[in-house]
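Dumped target20.txt below, it's compact mmCIF, C-alpha atoms:
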```txt
# COMPACT_ATOMS: atom_id res chain seq x y z
CA PRO A 1 0.00 0.00 0.00
CA SER A 2 0.94 3.65 -0.36
CA ILE A 3 1.78 5.98 2.54
CA PRO A 4 -1.53 7.39 3.85
CA ALA A 5 -2.31 10.87 2.55
CA HIS A 6 -2.30 13.78 4.98
CA PRO A 7 -5.88 15.01 5.70
CA ASN A 8 -4.96 18.44 4.30
CA GLY A 9 -2.78 17.06 1.52
CA GLU A 10 0.44 18.31 3.17
CA MET A 11 3.72 16.84 1.92
CA MET A 12 7.30 16.67 3.19
CA LYS A 13 10.78 15.74 2.00
CA ALA A 14 12.34 12.45 3.10
CA VAL A 15 15.17 10.07 2.17
CA CYS A 16 13.35 7.06 0.72
CA PHE A 17 13.75 3.72 -1.02
CA THR A 18 11.18 1.87 -3.12
CA SER A 19 13.21 -1.32 -3.66
CA TYR A 20 16.05 -3.00 -1.79
CA GLY A 21 19.60 -2.24 -2.85
CA GLU A 22 23.26 -2.51 -1.85
CA GLY A 23 24.27 1.15 -1.87
CA SER A 24 23.17 4.76 -1.53
CA ASP A 25 21.96 4.76 -5.16
CA ALA A 26 18.87 2.85 -3.96
CA LEU A 27 17.92 5.98 -1.97
CA SER A 28 16.59 9.35 -3.08
CA VAL A 29 15.04 12.48 -1.60
CA GLN A 30 11.33 12.31 -2.38
CA SER A 31 8.18 14.29 -1.59
CA ILE A 32 5.81 12.08 0.44
CA PRO A 33 2.71 12.68 2.60
CA LYS A 34 3.50 14.37 5.89
CA PRO A 35 2.64 12.13 8.88
CA PHE A 36 -0.05 13.29 11.26
CA VAL A 37 -1.27 12.54 14.78
CA GLU A 38 -4.00 9.87 14.60
CA LYS A 39 -4.00 8.50 18.16
CA SER A 40 -4.14 10.24 21.51
CA ASP A 41 -0.70 9.04 22.65
CA GLU A 42 1.07 10.22 19.48
CA VAL A 43 3.39 13.18 18.99
CA LEU A 44 4.37 14.97 15.76
CA ILE A 45 8.03 16.02 15.74
CA LYS A 46 9.63 18.50 13.36
CA VAL A 47 12.94 16.77 12.69
CA HIS A 48 16.18 18.72 13.11
CA ALA A 49 18.67 15.84 12.80
CA ALA A 50 18.69 12.09 12.15
CA ALA A 51 21.44 9.50 12.61
CA LEU A 52 22.37 6.38 10.69
CA ASN A 53 23.07 2.97 12.23
CA PRO A 54 24.24 -0.41 10.88
CA ILE A 55 20.61 -1.64 10.99
CA ASP A 56 19.83 0.90 8.23
CA LYS A 57 22.31 -0.90 5.98
CA SER A 58 20.64 -4.25 6.74
CA ARG A 59 17.19 -2.79 6.13
CA LEU A 60 18.20 -1.21 2.81
CA LYS A 61 19.67 -4.52 1.60
CA GLY A 62 16.47 -6.38 2.51
CA ASP A 63 18.11 -8.48 5.22
CA LEU A 64 15.26 -7.68 7.63
CA ALA A 65 12.45 -8.28 5.13
CA MET A 66 11.40 -11.62 6.62
CA LEU A 67 11.30 -10.31 10.20
CA LEU A 68 10.25 -6.70 9.66
CA PRO A 69 8.56 -6.27 6.29
CA GLU A 70 8.16 -2.73 4.99
CA GLN A 71 4.65 -1.35 5.55
CA TYR A 72 4.41 0.83 2.44
CA ASP A 73 5.63 0.83 -1.16
CA THR A 74 7.86 3.79 -0.27
CA SER A 75 9.99 3.52 2.88
CA VAL A 76 11.86 6.22 4.80
CA LEU A 77 15.32 5.28 6.11
CA GLY A 78 16.49 5.81 9.69
CA TYR A 79 15.48 5.20 13.31
CA ASP A 80 17.28 7.88 15.34
CA VAL A 81 15.88 11.38 15.43
CA SER A 82 15.96 14.66 17.34
CA GLY A 83 13.69 17.64 16.88
CA ILE A 84 10.94 19.86 18.28
CA VAL A 85 7.41 18.78 19.20
CA GLU A 86 4.92 20.39 16.83
CA GLN A 87 1.66 18.62 17.75
CA VAL A 88 0.51 16.33 20.58
CA GLY A 89 -2.43 13.96 20.98
CA ASN A 90 -4.76 14.42 23.96
CA ASP A 91 -3.08 11.81 26.16
CA ALA A 92 0.41 12.82 25.01
CA SER A 93 -0.18 16.39 26.18
CA THR A 94 0.33 15.33 29.81
CA SER A 95 3.92 14.30 28.98
CA PHE A 96 5.05 16.66 26.21
CA ALA A 97 4.19 20.16 25.05
CA ILE A 98 4.50 21.94 21.72
CA GLY A 99 8.00 23.39 21.53
CA ASP A 100 9.69 20.67 23.63
CA GLU A 101 13.09 19.59 22.29
CA VAL A 102 13.14 15.80 22.16
CA PHE A 103 15.08 12.79 20.90
CA VAL A 104 13.88 9.29 20.15
CA ARG A 105 14.61 5.86 18.70
CA LEU A 106 11.55 5.28 16.55
CA ALA A 107 9.68 2.00 17.10
CA GLY A 108 8.21 -0.11 14.32
CA MET A 109 8.42 0.41 10.57
CA LYS A 110 5.74 3.06 10.05
CA TYR A 111 7.90 6.15 9.58
CA GLY A 112 11.64 6.58 9.14
CA ALA A 113 13.82 9.26 10.70
CA ILE A 114 15.43 11.00 7.74
CA ALA A 115 12.43 13.19 7.00
CA GLU A 116 11.13 16.65 7.79
CA TYR A 117 8.57 15.18 10.24
CA VAL A 118 8.01 11.98 12.20
CA VAL A 119 5.16 10.69 14.35
CA CYS A 120 5.86 8.48 17.35
CA THR A 121 4.29 7.52 20.68
CA VAL A 122 5.01 8.89 24.16
CA PRO A 123 6.82 5.78 25.54
CA GLU A 124 9.57 6.15 22.91
CA ILE A 125 10.38 9.81 23.53
CA ALA A 126 12.74 11.64 25.90
CA LYS A 127 13.45 15.34 26.36
CA LYS A 128 16.70 16.44 24.75
CA PRO A 129 19.37 17.75 27.12
CA SER A 130 19.61 21.52 26.62
CA ASN A 131 23.41 21.55 26.53
CA ILE A 132 23.84 19.34 23.44
CA SER A 133 23.04 20.02 19.79
CA PHE A 134 20.29 18.32 17.83
CA SER A 135 22.99 16.44 15.89
CA GLU A 136 24.58 15.18 19.10
CA ALA A 137 21.16 14.17 20.44
CA ALA A 138 20.31 12.25 17.26
CA ALA A 139 23.57 10.31 17.62
CA VAL A 140 22.50 8.77 20.93
CA PRO A 141 19.19 6.82 20.96
CA LEU A 142 19.76 3.47 19.23
CA ALA A 143 23.41 3.07 20.25
CA GLY A 144 22.84 4.38 23.77
CA LEU A 145 19.77 2.24 24.43
CA THR A 146 21.50 -0.84 23.01
CA ALA A 147 24.51 -0.33 25.26
CA LEU A 148 22.58 0.50 28.45
CA GLN A 149 19.99 -2.26 28.15
CA LEU A 150 22.38 -5.03 27.15
CA LEU A 151 25.24 -4.15 29.48
CA ARG A 152 22.65 -4.17 32.26
CA TYR A 153 21.25 -7.47 31.02
CA GLY A 154 24.81 -8.80 31.00
CA GLY A 155 25.05 -8.04 34.71
CA VAL A 156 27.50 -5.12 34.51
CA LYS A 157 27.62 -3.34 37.87
CA GLU A 158 30.01 -1.58 40.19
CA GLY A 159 33.37 -3.35 40.08
CA SER A 160 32.67 -5.34 36.88
CA LYS A 161 35.38 -6.16 34.37
CA VAL A 162 34.02 -5.70 30.83
CA PHE A 163 35.26 -6.34 27.29
CA ILE A 164 33.69 -4.12 24.60
CA PRO A 165 35.48 -4.60 21.25
CA GLY A 166 35.07 -2.01 18.49
CA GLY A 167 35.28 0.92 20.88
CA ALA A 168 35.30 3.59 18.15
CA GLY A 169 31.96 2.46 16.71
CA GLY A 170 28.57 3.93 17.59
CA VAL A 171 27.63 1.33 20.22
CA GLY A 172 31.21 0.78 21.38
CA SER A 173 32.03 4.43 22.05
CA ILE A 174 28.90 5.12 24.10
CA GLY A 175 29.01 1.61 25.61
CA ILE A 176 32.42 2.28 27.19
CA GLN A 177 31.05 5.47 28.75
CA ILE A 178 27.83 3.84 29.98
CA ALA A 179 29.75 0.92 31.49
CA LYS A 180 32.13 3.26 33.31
CA LYS A 181 29.93 6.23 34.23
CA MET A 182 26.40 4.85 34.62
CA LEU A 183 27.03 1.25 35.67
CA LYS A 184 30.34 1.92 37.51
CA ALA A 185 32.37 -0.89 35.92
CA SER A 186 35.90 -0.84 37.30
CA TYR A 187 37.69 -1.97 34.13
CA VAL A 188 36.72 -1.70 30.46
CA CYS A 189 38.93 -3.09 27.71
CA THR A 190 38.34 -2.45 24.00
CA THR A 191 39.89 -2.79 20.55
CA ALA A 192 40.58 -0.03 18.01
CA SER A 193 42.87 1.04 15.21
CA PRO A 194 45.64 3.59 15.91
CA GLY A 195 44.83 7.27 15.43
CA ALA A 196 41.25 8.54 15.49
CA GLY A 197 39.81 5.22 16.71
CA THR A 198 42.16 5.03 19.68
CA ASP A 199 41.56 8.72 20.44
CA ILE A 200 37.80 8.10 20.71
CA CYS A 201 38.34 5.11 23.03
CA ASN A 202 40.67 7.14 25.26
CA SER A 203 38.20 9.99 25.37
CA ALA A 204 35.40 7.53 26.21
CA GLY A 205 37.38 6.33 29.22
CA ALA A 206 38.60 2.86 28.19
CA ASP A 207 41.12 1.39 30.63
CA ARG A 208 42.90 -0.66 27.97
CA ILE A 209 42.89 -0.37 24.18
CA ILE A 210 44.21 -3.21 22.04
CA ASP A 211 45.45 -2.29 18.56
CA TYR A 212 43.58 -4.85 16.46
CA ARG A 213 45.91 -4.26 13.49
CA THR A 214 48.98 -5.57 15.31
CA ASP A 215 47.58 -7.64 18.20
CA ASP A 216 45.12 -10.55 18.36
CA PHE A 217 42.86 -9.94 21.36
CA VAL A 218 42.28 -13.71 21.65
CA GLU A 219 45.97 -14.18 22.56
CA VAL A 220 46.46 -10.91 24.45
CA LEU A 221 43.42 -11.40 26.70
CA LYS A 222 43.62 -15.16 27.31
CA GLY A 223 42.79 -15.88 30.96
CA GLU A 224 41.67 -12.32 31.73
CA ASP A 225 38.37 -13.54 33.25
CA PHE A 226 35.98 -10.79 32.15
CA ASP A 227 32.60 -10.70 33.90
CA MET A 228 30.89 -9.69 30.67
CA ALA A 229 31.86 -9.47 27.00
CA PHE A 230 29.73 -7.34 24.69
CA ASP A 231 29.92 -8.72 21.16
CA THR A 232 29.44 -5.70 18.90
CA MET A 233 31.32 -7.17 15.91
CA ASN A 234 30.18 -10.79 15.49
CA GLU A 235 33.21 -12.23 17.27
CA ALA A 236 31.54 -14.07 20.17
CA ASP A 237 33.00 -17.40 19.04
CA LYS A 238 36.44 -16.01 20.02
CA PHE A 239 35.49 -15.01 23.58
CA GLY A 240 35.79 -18.42 25.25
CA GLY A 241 39.30 -17.85 26.56
CA LEU A 242 38.64 -14.42 28.06
CA ILE A 243 35.23 -14.80 29.75
CA LYS A 244 35.15 -16.06 33.33
CA GLU A 245 33.16 -19.03 34.55
CA GLY A 246 29.62 -17.79 35.19
CA GLY A 247 30.22 -14.77 32.97
CA LYS A 248 27.94 -13.54 30.18
CA VAL A 249 28.57 -12.97 26.49
CA ILE A 250 25.88 -10.79 24.87
CA SER A 251 25.80 -10.38 21.08
CA ILE A 252 24.16 -7.67 19.01
CA SER A 253 25.96 -8.63 15.80
CA GLY A 254 25.73 -11.68 13.55
CA ASN A 255 22.75 -14.00 13.31
CA PRO A 256 20.14 -13.58 16.07
CA SER A 257 19.01 -16.57 18.10
CA ILE A 258 15.46 -17.91 17.90
CA GLN A 259 14.89 -16.63 21.45
CA ALA A 260 15.97 -13.12 20.44
CA ILE A 261 13.58 -13.22 17.48
CA MET A 262 10.75 -14.33 19.75
CA ASP A 263 11.47 -11.39 22.07
CA ILE A 264 10.48 -8.99 19.27
CA MET A 265 8.08 -11.30 17.40
CA PRO A 266 6.22 -13.51 19.91
CA ASN A 267 4.88 -15.97 17.32
CA PRO A 268 7.33 -16.13 14.40
CA PRO A 269 6.21 -18.18 11.39
CA LEU A 270 7.55 -21.72 11.22
CA ALA A 271 9.69 -20.78 8.22
CA VAL A 272 11.40 -18.06 10.25
CA ARG A 273 12.04 -20.44 13.15
CA PHE A 274 13.50 -23.07 10.86
CA PHE A 275 15.64 -20.53 9.02
CA MET A 276 16.99 -19.05 12.28
CA PHE A 277 17.64 -22.54 13.69
CA LEU A 278 19.84 -23.34 10.70
CA LEU A 279 21.68 -20.01 10.98
CA ARG A 280 22.13 -19.98 14.75
CA ASN A 281 25.57 -19.13 16.09
CA ARG A 282 26.63 -22.57 17.30
CA LYS A 283 30.28 -21.54 17.57
CA ALA A 284 29.43 -18.73 20.01
CA GLU A 285 27.22 -21.06 22.06
CA LYS A 286 30.01 -23.67 22.27
CA ALA A 287 32.77 -21.17 23.08
CA ALA A 288 30.80 -19.74 26.02
CA SER A 289 29.66 -23.17 27.19
CA ARG A 290 33.22 -24.53 27.28
CA ALA A 291 34.21 -21.59 29.49
CA GLY A 292 31.29 -22.26 31.85
CA ALA A 293 29.72 -18.98 30.70
CA SER A 294 26.51 -18.18 28.82
CA TRP A 295 25.94 -16.66 25.37
CA GLU A 296 22.81 -14.81 24.27
CA TYR A 297 21.80 -12.61 21.37
CA LYS A 298 19.62 -9.65 22.35
CA PHE A 299 17.82 -6.79 20.63
CA MET A 300 17.33 -3.37 22.21
CA HIS A 301 13.81 -1.99 22.63
CA PRO A 302 12.90 1.68 22.22
CA SER A 303 12.43 3.28 25.63
CA GLY A 304 11.96 6.94 26.50
CA LYS A 305 12.50 6.00 30.15
CA ASP A 306 15.97 4.57 29.49
CA LEU A 307 16.79 7.45 27.15
CA THR A 308 15.83 9.91 29.90
CA GLU A 309 18.29 8.16 32.21
CA ILE A 310 21.06 8.54 29.61
CA ALA A 311 20.03 12.19 29.12
CA GLU A 312 21.01 12.97 32.73
CA TYR A 313 24.59 11.92 31.96
CA LEU A 314 24.59 13.84 28.67
CA GLU A 315 23.38 16.90 30.60
CA SER A 316 26.17 16.55 33.19
CA GLY A 317 28.79 16.05 30.46
CA GLU A 318 29.80 12.62 31.77
CA ILE A 319 28.69 10.98 28.51
CA LYS A 320 29.20 12.50 25.07
CA PRO A 321 28.40 11.23 21.57
CA PHE A 322 31.07 11.11 18.87
CA ILE A 323 30.20 12.34 15.39
CA ASP A 324 32.12 11.30 12.26
CA THR A 325 30.11 12.89 9.46
CA GLU A 326 27.45 15.62 9.42
CA VAL A 327 25.70 16.58 6.17
CA SER A 328 22.49 18.19 4.92
CA MET A 329 19.57 16.11 3.61
CA ASP A 330 20.54 16.96 0.02
CA ASP A 331 24.01 15.47 0.64
CA PHE A 332 22.67 12.38 2.45
CA LYS A 333 24.66 10.02 0.19
CA VAL A 334 27.94 11.21 1.77
CA ALA A 335 26.72 10.02 5.20
CA VAL A 336 25.18 6.80 3.86
CA ASP A 337 28.33 5.91 1.92
CA LYS A 338 30.44 6.50 5.03
CA LEU A 339 28.17 4.19 7.04
CA LEU A 340 28.25 1.53 4.31
CA SER A 341 32.06 1.70 4.16
CA GLY A 342 32.29 0.48 7.74
CA ARG A 343 35.06 3.01 8.36
CA SER A 344 33.19 5.69 10.28
CA LYS A 345 34.60 6.72 13.66
CA GLY A 346 31.50 7.78 15.54
CA LYS A 347 28.07 8.49 14.09
CA CYS A 348 26.95 9.68 10.64
CA ILE A 349 24.38 12.48 10.96
CA ILE A 350 21.96 14.05 8.48
CA LYS A 351 20.88 17.57 9.41
CA VAL A 352 17.31 18.22 8.32
CA VAL A 353 17.01 21.79 9.63
```

Would you mind writing the structure in this file as structure tokens?
Amino acid sequence: PSIPAHPNGEMMKAVCFTSYGEGSDALSVQSIPKPFVEKSDEVLIKVHAAALNPIDKSRLKGDLAMLLPEQYDTSVLGYDVSGIVEQVGNDASTSFAIGDEVFVRLAGMKYGAIAEYVVCTVPEIAKKPSNISFSEAAAVPLAGLTALQLLRYGGVKEGSKVFIPGGAGGVGSIGIQIAKKMLKASYVCTTASPGAGTDICNSAGADRIIDYRTDDFVEVLKGEDFDMAFDTMNEADKFGGLIKEGGKVISISGNPSIQAIMDIMPNPPLAVRFFMFLLRNRKAEKAASRAGASWEYKFMHPSGKDLTEIAEYLESGEIKPFIDTEVSMDDFKVAVDKLLSGRSKGKCIIKVV
């Protein structure tokens, strides 16, 4: 079906795709119907900035089509957004007011972030800290929520020893800060390349940074006995020698487990279950099991409550997002190409206003 028309025929610009594709050429700036508040708990946001994440690459390629099919014949890319509230439903008006500066990780597949307007529901939204820019705010939601929820799920607490590889990436760079500042981990080790990547990890507060170009973390960290290892780069099968007995390995990269799928889709079709069973990460399961540890794949869930918690640390300056690329909507391909290259250090941002 087509995107529903606005009651008054209003339109907006957005970065869209109408068929799956490998690169930024599958995307274009199009004029589509402006979203509007239909339900009492909904909020209309005038977008100021949107951020890209690896999931956008997967979505554009069609890798998520079986789990999360597109709702309309034209789809808007992006999940992370910051902006100003322009309209509120009756119930939403008790939480947010017109003019509030907010940031959000959009839930569902109804509207994408790289657009002049988005509609979302109250539980997804948090107020933007006043001391950071809209671009910085847009850089936080998906990566920040992923890190906070899954480090917590992995049992990270005061005194924990944590391994977070890929510390210069979106999740890695904010994950180091969340582990240290919010969850009070005593020791966080990461991996990075020399130069800008290492600089980000140092700035984030990593206690140890392994140069992955010259050193193999499997050898360097053997017997280190980490309480938790956060697999951001599909390397969980290599963590057996560094995780302690009773420790947890949590993956957000690679093939999800059937249990992880069922967390976001309670009754997946039999074909999906069978497909995921065949693709399950047996090597990660075995590596953790041999160490007397556990391995799980987990998805984040949009949460304004968790985002509000992170916002306190953004406000105090204890946590800061790292931005690699910042472009206008007309130059969106520069940001998308940087994301697709896998070489970005920090987040790729598209400024809408």

Which residues, protein or nucleic acid, reach to within 10 Å of (27.8, 7.6, 4.7) in the file's coordinates when using all atoms listed in the file, and can you give that as an mmCIF file with C-alpha atoms, in the frame of the given file?
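So out.cif came out as:
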```cif
data_model
loop_
_atom_site.group_PDB
_atom_site.id
_atom_site.type_symbol
_atom_site.label_atom_id
_atom_site.label_comp_id
_atom_site.auth_asym_id
_atom_site.auth_seq_id
_atom_site.Cartn_x
_atom_site.Cartn_y
_atom_site.Cartn_z
ATOM 1 C CA GLY A 23 24.270 1.150 -1.870
ATOM 2 C CA SER A 24 23.170 4.760 -1.530
ATOM 3 C CA LEU A 52 22.370 6.380 10.690
ATOM 4 C CA ASP A 324 32.120 11.300 12.260
ATOM 5 C CA THR A 325 30.110 12.890 9.460
ATOM 6 C CA GLU A 326 27.450 15.620 9.420
ATOM 7 C CA VAL A 327 25.700 16.580 6.170
ATOM 8 C CA ASP A 331 24.010 15.470 0.640
ATOM 9 C CA PHE A 332 22.670 12.380 2.450
ATOM 10 C CA LYS A 333 24.660 10.020 0.190
ATOM 11 C CA VAL A 334 27.940 11.210 1.770
ATOM 12 C CA ALA A 335 26.720 10.020 5.200
ATOM 13 C CA VAL A 336 25.180 6.800 3.860
ATOM 14 C CA ASP A 337 28.330 5.910 1.920
ATOM 15 C CA LYS A 338 30.440 6.500 5.030
ATOM 16 C CA LEU A 339 28.170 4.190 7.040
ATOM 17 C CA LEU A 340 28.250 1.530 4.310
ATOM 18 C CA SER A 341 32.060 1.700 4.160
ATOM 19 C CA GLY A 342 32.290 0.480 7.740
ATOM 20 C CA ARG A 343 35.060 3.010 8.360
ATOM 21 C CA SER A 344 33.190 5.690 10.280
ATOM 22 C CA LYS A 347 28.070 8.490 14.090
ATOM 23 C CA CYS A 348 26.950 9.680 10.640
ATOM 24 C CA ILE A 349 24.380 12.480 10.960
ATOM 25 C CA ILE A 350 21.960 14.050 8.480
#
```

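Across A:Met262, A:Lys238, A:His301, A:Lys180, the tightest approach to Tyr313 (chain A) is made by A:Lys180 when counting all atoms listed in the file.
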
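The spacing separating CA of Phe299 (chain A) from CA of Val104 (chain A) amounts to 16.6 Å.
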
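Between Leu242 (chain A) and the candidates A:Ala293, A:Leu106, A:Ala196, A:Ala139, the tightest atom-to-atom separation, counting all atoms listed in the file, involves A:Ala293.
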
Polymer residues at most 10 Å from (17.2, 15.7, 14.9) by all atoms listed in the file, as an NGL selection string
:A and (45-51 or 80-84 or 101-104 or 113-117 or 128 or 133-139 or 349-353)

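CA of Lys13 (chain A) to CA of Met329 (chain A) spans 8.9 Å [interatomic distance, one decimal].
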
Write out as a VMD selection string the residues lying within 12 Å of Glu10 (chain A), counting all atoms listed in the file and excluding same-chain residues fewer than 2 positions away.
chain A and resid 4 to 8 12 to 13 31 to 36 116 to 117

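Using all atoms listed in the file, the smallest distance between any of A:Thr146, A:Ser289, A:Ser40, A:Asn53 and Thr121 (chain A) comes from A:Ser40.
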
Separation of CA of Pro141 (chain A) from CA of Gly155 (chain A) in Å:
21.1 Å

Nearest-residue call for Asp56 (chain A), choices A:Gly223, A:Gly197, A:Gly21, A:Gly154, using all atoms listed in the file
A:Gly21

Per residue of region 64-165 of chain A within 10 Å of region 184-187 of chain A, record the nearest atom pair and its distance in Å to one decimal, counting only C-alpha atoms, with rows in chain order and ascending residue number, as a Markdown table.
```
| residue | atom | partner | partner_atom | distance |
| --- | --- | --- | --- | --- |
| A:Val156 | CA | A:Ala185 | CA | 6.6 |
| A:Lys157 | CA | A:Ala185 | CA | 5.7 |
| A:Glu158 | CA | A:Lys184 | CA | 4.4 |
| A:Gly159 | CA | A:Ser186 | CA | 4.5 |
| A:Ser160 | CA | A:Ala185 | CA | 4.6 |
| A:Lys161 | CA | A:Tyr187 | CA | 4.8 |
| A:Val162 | CA | A:Tyr187 | CA | 6.2 |
| A:Phe163 | CA | A:Tyr187 | CA | 8.5 |
```

Quick one: residues within 12 Å of Ser58 (chain A), only C-alpha atoms, excluding same-chain residues fewer than 3 positions away - as a short mmCIF file (atom, residue, chain, number, x, y, z; two decimals) with C-alpha atoms, in the frame of the given file?
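Done, and the output landed in selection-v3.cif:
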```
data_model
loop_
_atom_site.label_atom_id
_atom_site.label_comp_id
_atom_site.auth_asym_id
_atom_site.auth_seq_id
_atom_site.Cartn_x
_atom_site.Cartn_y
_atom_site.Cartn_z
CA TYR A 20 16.05 -3.00 -1.79
CA GLY A 21 19.60 -2.24 -2.85
CA GLU A 22 23.26 -2.51 -1.85
CA GLY A 23 24.27 1.15 -1.87
CA LEU A 52 22.37 6.38 10.69
CA ASN A 53 23.07 2.97 12.23
CA PRO A 54 24.24 -0.41 10.88
CA ILE A 55 20.61 -1.64 10.99
CA LYS A 61 19.67 -4.52 1.60
CA GLY A 62 16.47 -6.38 2.51
CA ASP A 63 18.11 -8.48 5.22
CA LEU A 64 15.26 -7.68 7.63
CA ALA A 65 12.45 -8.28 5.13
CA MET A 66 11.40 -11.62 6.62
CA LEU A 67 11.30 -10.31 10.20
CA LEU A 68 10.25 -6.70 9.66
CA LEU A 77 15.32 5.28 6.11
CA GLY A 78 16.49 5.81 9.69
CA SER A 253 25.96 -8.63 15.80
CA GLY A 254 25.73 -11.68 13.55
CA ASN A 255 22.75 -14.00 13.31
CA LEU A 339 28.17 4.19 7.04
CA LEU A 340 28.25 1.53 4.31
#
```

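Considering the residues A:Leu279, A:Ile323, A:Val118, A:Leu60 and counting all atoms listed in the file, Ala14 (chain A) has its shortest atom-to-atom contact with A:Val118.
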
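Between Gly175 (chain A) and the residues A:Thr94, A:Thr190, A:Asn281, A:Gln30, the shortest atom-to-atom distance, using all atoms listed in the file, involves A:Thr190.
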
Return as lines of an AutoDock Vina configuration file the box centre and box size in Å, one decimal, for an axis-aligned box around all listed atoms of region 77-94 of chain A padded by 8 Å per side.
```
center_x = 6.3
center_y = 12.8
center_z = 18.0
size_x = 38.0
size_y = 31.2
size_z = 39.7
```

Name the residues in contact with Ala271 (chain A) at a cut-off of 12 Å, using all atoms listed in the file, excluding same-chain residues fewer than 4 positions from it; report them as a list in words.
Met66, Leu67, Ile258, Asn267, Phe275, Met276, Phe277 and Leu278 of chain A
